[in-house]
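**Student:** Structure below; questions to follow.
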Amino acid sequence: MTDILATPALDLTPRQAVEALEHALLGGLDPEDCPARTNLPVPAGELLLMPAAGPGYVGVKIAGVAPANPGRGLPRITGSYLLLDGPTLRPLALFDGAALTALRTPAVTALALDRLAVPDAEHLVLFGAGPQAAGHLDALVAIRPLTRVTVVSRSAGPAERLCERARSLGLAAVRGAAGAVADADLVVCCTTAGTPLFDGSLVPDRAAVAAVGSHRPDAREVDGALVRRSALFTESRATAEREAGDLVMAFSERGAGLPATLANLSELVNDGAVVPPDRPRFFKSVGMAWQDLAVAARQYECRADCV
């Protein structure tokens with residue numbers, strides 16, 4: 001049995017995680033060819049199995065989504081990530097799956113919004129106050145010159161703590177209401193909501209919006225009005241058809257499927273997608289296994305260099 005480099009804590013910076021994803025896409029990775037996630041209902045919630053393979057590494061994440069866990073003082077998302085050597089399938093490292101998710105999901109959003117935001121975007125409206133919201137704050141501050149953030153959350157304590165975190169990063173931060181989207185340059189939704197969080201007609205044409213909170217076709221954080229008036233982007237069209245309720249529900253309400261103009265993340269990163277300035281830009285993320293692999297491999301290489 002070979003030794004495994006166990007790394008329960010990930011210490012990549014948000015920018016390094018963004019760069020790992022960008023490198024994979026610029027290197028020719030096609031999200032449309034990546035294997036689908038396996039979702040298994042279990043008594044406590046949902047078990048997810050997410051394998052991915054590349055020329056240098058292979059990996060698999062086993063993650064649990066347990067909605068009752070926060071009430072027990074436990075993380076909602078649990079799990080582990082096993083990274084293997086690509087040519088030999090020799091186990092290399094075991095990562096904390098929840099920590100990996102908390103790092104790579106904001107990195108995906110940051111990679112997309114860096115290309116979708118207007119150049120002078122400075123006001124972020126952030127829905128949610130949990131680990132994903134905190135991760136998105138860190139990632140977006142790392143790649144965009146933001147000056148202020150409005151946190152929208154039903155939980156006063158976590159929202160204020162997130163505002164304090166934002167202030168420590170040099171931003172003006174307040175707790176606000178859903179109507180703050182009317183003055184937003186960036187809107188990011190990181191919640192467990194199954195129904196829209198705000199009135200999409202309030203979002204200005206200059207804004208870029210991202211929704212990351214669900215991976216079910218029957219749940220959404222934004223309304224159909226916003227989706228249908230926006231330029232649309234997602235990680236993968238095939239994955240969106242299966243799991244992106246924000247997109248699927250917006251068009252099924254009109255008896256239609258996803259539009260042919262929906263662009264994927266590879267097209268956006270490789271300058272193959274049009275980013276119009278005259279309407280909102282909406283990015284929907286559900287999480288894909290290739291993203292975990294890209295970030296885990298970069299973490300392994302960075303950590304191994306120091307061992």
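Following the order of the structure tokens, first chain is A, next is B, and so on, with residues numbered from 1 inside each chain and ligands from 1 in the order they appear.
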Fewer than 3 positions away in the same chain doesn't count, so skip those; otherwise give me all residues within 12 Å of Leu82 of chain A, counting only C-alpha atoms, as a PyMOL selection string.

**Tutor:** chain A and resi 4-8+49-53+57-63+79+85+89-97+100+289+292-293+296-297+300

**Student:** Take the residues from that selection and put them in a file with N, CA and C atoms, as a CSV table (one decimal), in the first residue's frame.

**Tutor:**
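The resulting selection.csv:
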```
chain,number,residue,atom,x,y,z
A,4,ILE,N,-0.3,7.8,1.4
A,4,ILE,CA,-1.2,8.8,0.9
A,4,ILE,C,-0.9,10.1,1.6
A,5,LEU,N,-0.8,11.2,0.9
A,5,LEU,CA,-0.6,12.5,1.5
A,5,LEU,C,-1.9,13.0,1.9
A,6,ALA,N,-2.2,12.8,3.2
A,6,ALA,CA,-3.5,13.3,3.8
A,6,ALA,C,-3.5,14.7,4.0
A,7,THR,N,-4.4,15.5,3.5
A,7,THR,CA,-4.4,17.0,3.7
A,7,THR,C,-5.8,17.4,4.1
A,8,PRO,N,-6.2,17.3,5.3
A,8,PRO,CA,-7.6,17.7,5.7
A,8,PRO,C,-7.9,19.2,5.5
A,49,LEU,N,-21.9,11.1,-5.9
A,49,LEU,CA,-20.6,10.5,-6.3
A,49,LEU,C,-20.2,11.2,-7.6
A,50,MET,N,-18.9,11.7,-7.6
A,50,MET,CA,-18.5,12.6,-8.6
A,50,MET,C,-17.1,12.2,-9.1
A,51,PRO,N,-17.0,11.4,-10.1
A,51,PRO,CA,-15.6,11.0,-10.7
A,51,PRO,C,-15.2,11.9,-11.8
A,52,ALA,N,-13.9,12.0,-12.0
A,52,ALA,CA,-13.4,12.8,-13.1
A,52,ALA,C,-12.0,12.2,-13.4
A,53,ALA,N,-11.6,12.4,-14.7
A,53,ALA,CA,-10.2,11.9,-15.1
A,53,ALA,C,-9.6,12.9,-16.0
A,57,TYR,N,-4.1,13.1,-13.6
A,57,TYR,CA,-4.8,12.7,-12.4
A,57,TYR,C,-6.2,12.2,-12.6
A,58,VAL,N,-6.6,11.4,-11.7
A,58,VAL,CA,-8.0,10.9,-11.6
A,58,VAL,C,-8.5,11.1,-10.2
A,59,GLY,N,-9.7,11.4,-10.0
A,59,GLY,CA,-10.2,11.7,-8.7
A,59,GLY,C,-11.7,11.4,-8.6
A,60,VAL,N,-12.2,11.2,-7.3
A,60,VAL,CA,-13.6,11.0,-7.1
A,60,VAL,C,-13.9,11.6,-5.8
A,61,LYS,N,-15.1,12.4,-5.8
A,61,LYS,CA,-15.6,12.9,-4.5
A,61,LYS,C,-16.8,12.2,-4.1
A,62,ILE,N,-16.9,11.8,-2.9
A,62,ILE,CA,-18.1,11.2,-2.3
A,62,ILE,C,-18.6,12.2,-1.3
A,63,ALA,N,-19.7,12.8,-1.6
A,63,ALA,CA,-20.2,13.9,-0.7
A,63,ALA,C,-21.6,13.6,-0.2
A,79,GLY,N,-18.0,14.9,3.4
A,79,GLY,CA,-17.5,14.0,2.4
A,79,GLY,C,-16.0,14.0,2.3
A,85,ASP,N,-3.0,9.1,-9.0
A,85,ASP,CA,-2.1,9.3,-10.2
A,85,ASP,C,-2.8,8.8,-11.4
A,89,LEU,N,-3.0,5.0,-11.4
A,89,LEU,CA,-4.2,5.0,-10.5
A,89,LEU,C,-3.7,4.7,-9.1
A,90,ARG,N,-2.5,5.1,-8.8
A,90,ARG,CA,-2.0,5.0,-7.4
A,90,ARG,C,-2.6,6.1,-6.5
A,91,PRO,N,-3.2,5.8,-5.4
A,91,PRO,CA,-3.7,6.9,-4.5
A,91,PRO,C,-2.6,7.9,-4.1
A,92,LEU,N,-3.0,9.1,-4.2
A,92,LEU,CA,-2.0,10.2,-3.9
A,92,LEU,C,-2.4,11.0,-2.6
A,93,ALA,N,-3.7,11.4,-2.5
A,93,ALA,CA,-4.1,12.3,-1.5
A,93,ALA,C,-5.5,12.1,-1.1
A,94,LEU,N,-5.9,12.4,0.1
A,94,LEU,CA,-7.2,12.3,0.6
A,94,LEU,C,-7.6,13.7,1.1
A,95,PHE,N,-8.5,14.4,0.5
A,95,PHE,CA,-8.9,15.7,0.9
A,95,PHE,C,-10.2,15.8,1.6
A,96,ASP,N,-10.5,16.8,2.4
A,96,ASP,CA,-11.8,17.0,3.0
A,96,ASP,C,-12.7,17.5,1.9
A,97,GLY,N,-13.8,16.7,1.6
A,97,GLY,CA,-14.6,17.0,0.5
A,97,GLY,C,-15.4,18.3,0.7
A,100,LEU,N,-13.1,21.2,0.0
A,100,LEU,CA,-12.8,21.3,-1.4
A,100,LEU,C,-14.0,22.0,-2.1
A,289,ALA,N,-17.6,17.5,-11.5
A,289,ALA,CA,-16.4,16.8,-11.0
A,289,ALA,C,-15.1,17.3,-11.5
A,292,ASP,N,-13.5,19.8,-9.2
A,292,ASP,CA,-12.9,19.3,-8.0
A,292,ASP,C,-11.5,18.7,-8.4
A,293,LEU,N,-11.4,18.0,-9.5
A,293,LEU,CA,-10.2,17.4,-9.9
A,293,LEU,C,-9.1,18.5,-10.2
A,296,ALA,N,-8.1,20.0,-6.8
A,296,ALA,CA,-7.4,19.0,-5.9
A,296,ALA,C,-6.0,18.7,-6.5
A,297,ALA,N,-5.9,18.6,-7.8
A,297,ALA,CA,-4.6,18.4,-8.4
A,297,ALA,C,-3.6,19.5,-8.1
A,300,TYR,N,-2.6,19.4,-4.5
A,300,TYR,CA,-1.6,18.3,-4.3
A,300,TYR,C,-0.2,18.7,-4.8
```

**Student:** Go through segment 16-48 of chain A residue by residue and, counting only C-alpha atoms, keep those with an atom at most 12 Å from segment 232-242 of chain A; for each kept residue give the shortest atom pair and its distance in Å to one decimal, ordered by chain and increasing number, as a tab-separated table.

**Tutor:**
```
residue	atom	partner	partner_atom	distance
A:Leu21	CA	A:Glu235	CA	11.5
A:Leu25	CA	A:Glu235	CA	10.9
A:Leu29	CA	A:Ser236	CA	11.5
A:Asp30	CA	A:Ser236	CA	8.6
A:Pro31	CA	A:Ser236	CA	5.5
A:Glu32	CA	A:Ser236	CA	5.5
A:Asp33	CA	A:Ala238	CA	8.9
A:Cys34	CA	A:Ser236	CA	9.0
A:Pro35	CA	A:Thr239	CA	9.4
A:Ala36	CA	A:Thr239	CA	7.3
A:Arg37	CA	A:Thr239	CA	8.9
A:Thr38	CA	A:Arg242	CA	11.5
A:Asn39	CA	A:Arg242	CA	11.5
```

**Student:** With N, CA, C and O atoms kept, could you save the residues just selected as a tab-separated table (two decimals), in the first residue's frame?

**Tutor:**
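What landed in again.tsv:
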```tsv
chain	number	residue	atom	x	y	z
A	21	LEU	N	-8.74	26.20	-12.48
A	21	LEU	CA	-9.89	25.96	-13.36
A	21	LEU	C	-9.66	26.56	-14.74
A	21	LEU	O	-9.95	25.93	-15.77
A	25	LEU	N	-9.50	24.66	-18.58
A	25	LEU	CA	-10.33	25.02	-19.73
A	25	LEU	C	-9.50	25.54	-20.90
A	25	LEU	O	-9.79	25.24	-22.06
A	29	LEU	N	-10.05	21.23	-21.99
A	29	LEU	CA	-11.10	20.45	-21.34
A	29	LEU	C	-12.47	20.90	-21.84
A	29	LEU	O	-12.76	22.09	-21.88
A	30	ASP	N	-13.30	19.95	-22.22
A	30	ASP	CA	-14.66	20.23	-22.68
A	30	ASP	C	-15.65	19.76	-21.62
A	30	ASP	O	-15.82	18.55	-21.43
A	31	PRO	N	-16.31	20.67	-20.90
A	31	PRO	CA	-17.25	20.24	-19.86
A	31	PRO	C	-18.38	19.36	-20.38
A	31	PRO	O	-18.95	18.57	-19.62
A	32	GLU	N	-18.69	19.47	-21.68
A	32	GLU	CA	-19.78	18.66	-22.22
A	32	GLU	C	-19.43	17.18	-22.25
A	32	GLU	O	-20.31	16.32	-22.31
A	33	ASP	N	-18.14	16.85	-22.20
A	33	ASP	CA	-17.71	15.45	-22.26
A	33	ASP	C	-17.52	14.82	-20.88
A	33	ASP	O	-17.17	13.65	-20.79
A	34	CYS	N	-17.71	15.58	-19.82
A	34	CYS	CA	-17.41	15.08	-18.47
A	34	CYS	C	-18.55	14.21	-17.95
A	34	CYS	O	-19.71	14.43	-18.27
A	35	PRO	N	-18.21	13.20	-17.14
A	35	PRO	CA	-19.25	12.27	-16.65
A	35	PRO	C	-20.25	12.96	-15.74
A	35	PRO	O	-19.92	13.93	-15.04
A	36	ALA	N	-21.46	12.44	-15.73
A	36	ALA	CA	-22.53	13.00	-14.91
A	36	ALA	C	-22.34	12.60	-13.45
A	36	ALA	O	-21.76	11.56	-13.13
A	37	ARG	N	-22.83	13.42	-12.58
A	37	ARG	CA	-22.86	13.13	-11.15
A	37	ARG	C	-23.91	12.05	-10.88
A	37	ARG	O	-24.98	12.01	-11.50
A	38	THR	N	-23.62	11.16	-9.93
A	38	THR	CA	-24.59	10.18	-9.46
A	38	THR	C	-25.21	10.70	-8.17
A	38	THR	O	-24.49	11.03	-7.22
A	39	ASN	N	-26.53	10.81	-8.16
A	39	ASN	CA	-27.25	11.29	-6.98
A	39	ASN	C	-28.05	10.14	-6.39
A	39	ASN	O	-28.89	9.55	-7.08
```

**Student:** Name the residues in contact with Gln132 of chain A at a cut-off of 10 Å, using only C-alpha atoms, excluding same-chain residues fewer than 3 positions from it; report them as a list in words.

**Tutor:**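 In the requested format, the answer is Thr101, Ala102, Leu103, Arg104, Thr105, Pro106, Gly128, Ala129, Gly135, His136, Leu137, Asp138, Cys189, Cys190, Thr191, Val212 and Gly213 of chain A.
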
**Student:** Pick out the closest residue to Glu243 of chain A from this set: A:Asp223, A:Glu160, A:Asp218, A:Asp114. Count only C-alpha atoms.

**Tutor:** A:Asp218

**Student:** What's around Leu47 of chain A at 7 Å? Count only C-alpha atoms, leave out sequence neighbours fewer than 3 positions away in its own chain, and write the answer as a PyMOL selection string.

**Tutor:** chain A and resi 39-42+63-65

**Student:** Based on the selection just made, write C-alpha atoms of those residues as a PDB file, in the first residue's frame.

**Tutor:**
```
ATOM      1  CA  ASN A  39     -27.253  11.294  -6.979  1.00  0.00           C
ATOM      2  CA  LEU A  40     -28.506   8.729  -4.459  1.00  0.00           C
ATOM      3  CA  PRO A  41     -31.318   9.615  -2.023  1.00  0.00           C
ATOM      4  CA  VAL A  42     -30.518   8.385   1.492  1.00  0.00           C
ATOM      5  CA  ALA A  63     -20.210  13.943  -0.727  1.00  0.00           C
ATOM      6  CA  GLY A  64     -23.218  13.968   1.534  1.00  0.00           C
ATOM      7  CA  VAL A  65     -25.852  16.689   1.628  1.00  0.00           C
TER       8      VAL A  65
END
```

**Student:** Just asking: which residues within segment 24-232 of chain A are alpha helix (DSSP H) according to DSSP, as a PyMOL selection string?

**Tutor:** chain A and resi 24-26+97-116+131-143+156-168+224-229

**Student:** A:Arg15, A:Arg303, A:His23, A:Arg281: which is nearest Ala142 of chain A, counting only C-alpha atoms?

**Tutor:** A:Arg15

**Student:** Give me the residues within 8 Å of Leu26 of chain A as a ChimeraX atom specification, counting only C-alpha atoms and dropping any in the same chain fewer than 6 places off.

**Tutor:** /A:266,269-270

**Student:** Export, as a short mmCIF file (atom, residue, chain, number, x, y, z; two decimals), in the first residue's frame, the selected residues with C-alpha atoms.

**Tutor:**
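For reference, again-v4.cif as written:
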```cif
data_model
loop_
_atom_site.label_atom_id
_atom_site.label_comp_id
_atom_site.auth_asym_id
_atom_site.auth_seq_id
_atom_site.Cartn_x
_atom_site.Cartn_y
_atom_site.Cartn_z
CA SER A 266 -15.28 26.72 -21.78
CA VAL A 269 -13.09 31.35 -21.00
CA ASN A 270 -11.83 30.68 -24.53
#
```

**Student:** Determine, using only C-alpha atoms, which residues of segment 23-137 of chain A have any atom at most 6 Å from an atom of segment 147-159 of chain A, and tabulate each with its shortest atom pair and distance in Å to one decimal place, rows ordered by chain and then rising number, as JSON lines.

**Tutor:**
```
{"residue": "A:Glu122", "atom": "CA", "partner": "A:Thr147", "partner_atom": "CA", "distance": 5.2}
{"residue": "A:His123", "atom": "CA", "partner": "A:Arg148", "partner_atom": "CA", "distance": 5.0}
{"residue": "A:Leu124", "atom": "CA", "partner": "A:Val149", "partner_atom": "CA", "distance": 4.7}
{"residue": "A:Val125", "atom": "CA", "partner": "A:Thr150", "partner_atom": "CA", "distance": 4.7}
{"residue": "A:Leu126", "atom": "CA", "partner": "A:Val151", "partner_atom": "CA", "distance": 4.9}
{"residue": "A:Phe127", "atom": "CA", "partner": "A:Val152", "partner_atom": "CA", "distance": 4.8}
{"residue": "A:Gly128", "atom": "CA", "partner": "A:Ser153", "partner_atom": "CA", "distance": 5.1}
{"residue": "A:Ala129", "atom": "CA", "partner": "A:Ala159", "partner_atom": "CA", "distance": 5.2}
```

**Student:** May I have the selected residues written with N, CA, C and O atoms, as a JSON list (two decimals), in the first residue's frame?

**Tutor:**
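What landed in again16.json:
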```json
[["chain", "number", "residue", "atom", "x", "y", "z"],
["A", 122, "GLU", "N", -18.44, 47.35, -8.79],
["A", 122, "GLU", "CA", -17.92, 47.56, -7.44],
["A", 122, "GLU", "C", -18.87, 47.12, -6.33],
["A", 122, "GLU", "O", -18.44, 46.89, -5.20],
["A", 123, "HIS", "N", -20.17, 46.98, -6.63],
["A", 123, "HIS", "CA", -21.16, 46.65, -5.59],
["A", 123, "HIS", "C", -21.64, 45.21, -5.76],
["A", 123, "HIS", "O", -22.27, 44.87, -6.77],
["A", 124, "LEU", "N", -21.35, 44.38, -4.78],
["A", 124, "LEU", "CA", -21.78, 42.99, -4.75],
["A", 124, "LEU", "C", -22.97, 42.85, -3.81],
["A", 124, "LEU", "O", -22.91, 43.29, -2.65],
["A", 125, "VAL", "N", -24.05, 42.25, -4.29],
["A", 125, "VAL", "CA", -25.17, 41.86, -3.43],
["A", 125, "VAL", "C", -25.10, 40.35, -3.28],
["A", 125, "VAL", "O", -25.16, 39.60, -4.26],
["A", 126, "LEU", "N", -24.94, 39.90, -2.05],
["A", 126, "LEU", "CA", -24.65, 38.50, -1.75],
["A", 126, "LEU", "C", -25.79, 37.91, -0.93],
["A", 126, "LEU", "O", -26.06, 38.36, 0.19],
["A", 127, "PHE", "N", -26.48, 36.92, -1.50],
["A", 127, "PHE", "CA", -27.56, 36.24, -0.80],
["A", 127, "PHE", "C", -27.00, 35.01, -0.10],
["A", 127, "PHE", "O", -26.39, 34.15, -0.73],
["A", 128, "GLY", "N", -27.23, 34.94, 1.21],
["A", 128, "GLY", "CA", -26.71, 33.85, 2.02],
["A", 128, "GLY", "C", -25.61, 34.34, 2.93],
["A", 128, "GLY", "O", -24.98, 35.38, 2.67],
["A", 129, "ALA", "N", -25.37, 33.60, 4.02],
["A", 129, "ALA", "CA", -24.34, 34.00, 4.97],
["A", 129, "ALA", "C", -23.59, 32.79, 5.52],
["A", 129, "ALA", "O", -22.95, 32.89, 6.57]]
```

**Student:** Could you please determine the separation between atom CA of Ala294 of chain A and atom CA of Glu19 of chain A in Å, to one decimal place?

**Tutor:** 9.5 Å

**Student:** As a list in words, please: the residues near Ala225 of chain A (cut-off 12 Å, only C-alpha atoms, same-chain neighbours under 4 positions excluded).

**Tutor:**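 Result of the neighbour search: Pro196, Phe198, Asp199, Gly200, Ser201, Leu202, Val203, Arg229, Ser230, Asp246, Leu247, Met249, Ala250, Phe251, Glu253, Arg254, Pro280 and Phe282 of chain A.
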
**Student:** What is the atom CA of Ser214 of chain A-atom CA of Ala134 of chain A distance in Å, reported with one decimal?

**Tutor:** 16.9 Å

**Student:** Got a sec to tell me which of segment 58-271 of chain A DSSP assigns to strand (DSSP E), as a VMD selection string?

**Tutor:** chain A and resid 58 to 65 77 to 85 91 to 96 123 to 127 148 to 152 172 to 175 186 to 189 208 to 211 231 to 234 263 to 264

**Student:** Hey, which of A:Ala219, A:Ala66, A:Leu169, A:Ala44 ends up closest to Val248 of chain A? Count only C-alpha atoms.

**Tutor:** A:Ala219
